[in-house]
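Engineer: Following this message is one structure expressed as structure tokens.
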Amino acid sequence: MQSPSSKENFFIGLSLSNSSSYDSSICVIDRNASIILIDKFYFAPDIDYFFENSPYTSQSAVCATIPYDNKLLDGKWRIHSKNYKVLGDYFKVNKDDWTNRISRRCEETFIKLKEKNIKIIRCDINQLRQAYGLCAHYLSRTSIDCKNLQTSLKIKYGFCQLSDNMLPASSLEALICAMFALEYVNNVKTTKLFELDSIPVLARVMEN
């Protein structure tokens with residue numbers, strides 16, 4: 001990865017879960033793609049506190065994942081059907097916002113970052129893994145998938161700082177987001193999928 005020509009000195013990736021029941025992670029890398037910090041959080045106020053008080057924030061570009069909203073759904077088939085349900089004009093019932101696909105968690109945090117003129121983008125982690133050639137060859141977020149992803153990041157992208165002990169999936173995904181933030185300010189080719197709270201959700205154009 002090339003060093004960016006922009007003013008940002010740090011690049012923050014956030015792998016955001018859809019609730020405090022699951023871990024979220026933040027990763028900070030510098031202009032040379034060296035890992036500065038990896039940390040794990042559970043509660044939204046803690047994530048907000050990090051961005052409010054971290055010395056890296058003001059000099060950073062930020063990339064955060066978009067978590068899928070699975071609330072009010074029980075059972076695997078219901079969770080999957082929510083993401084693929086075909087909707088039309090005939091679908092009038094939307095009890096408890098059932099049709100919402102994407103979680104709005106931490107939206108106030110992201111809006112505050114944007115108001116401070118900090119470059120912030122959102123991404124779909126599955127698309128990003130595919131674009132970087134880090135596709136899940138195993139069931140996503142299983143132990144063997146995390147081990148494969150961590151090894152790939154060390155060998156393919158040179159993150160030798162990663163420990164031999166297996167990191168949580170969210171920490172590895174946060175690192176991928178930080179990589180994307182660095183490339184984004186360096187004008188990597190992207191396509192805009194949509195906007196969420198006036199923040200672009202971007203897809204990285206896949207390499208040939």
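We name chains A, B, ... following the order of the structure tokens; residues begin at 1 in each chain, and ligands are numbered from 1 as shown.
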Leaving out region 45-49 of chain A and any residue of its chain fewer than 2 positions from it, which residues lie within 9 Å of it when counting only C-alpha atoms, given as a list in words?
Structural biologist: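 The residues satisfying every condition are Ser24, Ser25, Ile26, Phe41, Tyr42, Phe43, Phe51, Glu52, Asn53, Ser54, Cys106, Glu108, Thr109 and Phe110 of chain A.
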Engineer: Counting only C-alpha atoms, which residue out of A:Ile118, A:Ile102, A:Ala203, A:Val185 sits closest to Gln130 (chain A)?
Structural biologist: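 Going through A:Ile118, A:Ile102, A:Ala203, A:Val185 one by one, the smallest distance to Gln130 (chain A) is for A:Ala203.
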Engineer: Could you tell me which of A:Leu162, A:Ile144, A:Leu172, A:Arg122 comes closest to Glu195 (chain A) if we count only C-alpha atoms?
Structural biologist: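 Checking each candidate against Glu195 (chain A), we get A:Arg122 as the closest.
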Engineer: With distances taken over only C-alpha atoms, which residue among A:Pro168, A:Thr65, A:Met206, A:Glu107 lies nearest Leu134 (chain A)?
Structural biologist: A:Met206
Engineer: In Å to one decimal, how far is CA of Phe11 (chain A) from CA of Thr57 (chain A)?
Structural biologist: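 Computing it gives 8.6 Å between the two atoms.
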Engineer: Between A:Arg204, A:Arg31, A:Lys156, A:Lys112, which has the minimum distance to Gln127 (chain A) (counting only C-alpha atoms)?
Structural biologist: A:Arg204
Engineer: How many Å lie between CA of His137 (chain A) and CA of Ser170 (chain A), rounded to one decimal?
Structural biologist: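 Distance reported for this atom pair: 17.2 Å.
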Engineer: Which residues, written as a list of chain:residue names, have at least one atom at most 7 Å from Val205 (chain A), with only C-alpha atoms counted and residues fewer than 2 positions away on the same chain left out?
Structural biologist: A:Ala131, A:Lys189, A:Thr190, A:Thr191, A:Ala203, A:Glu207
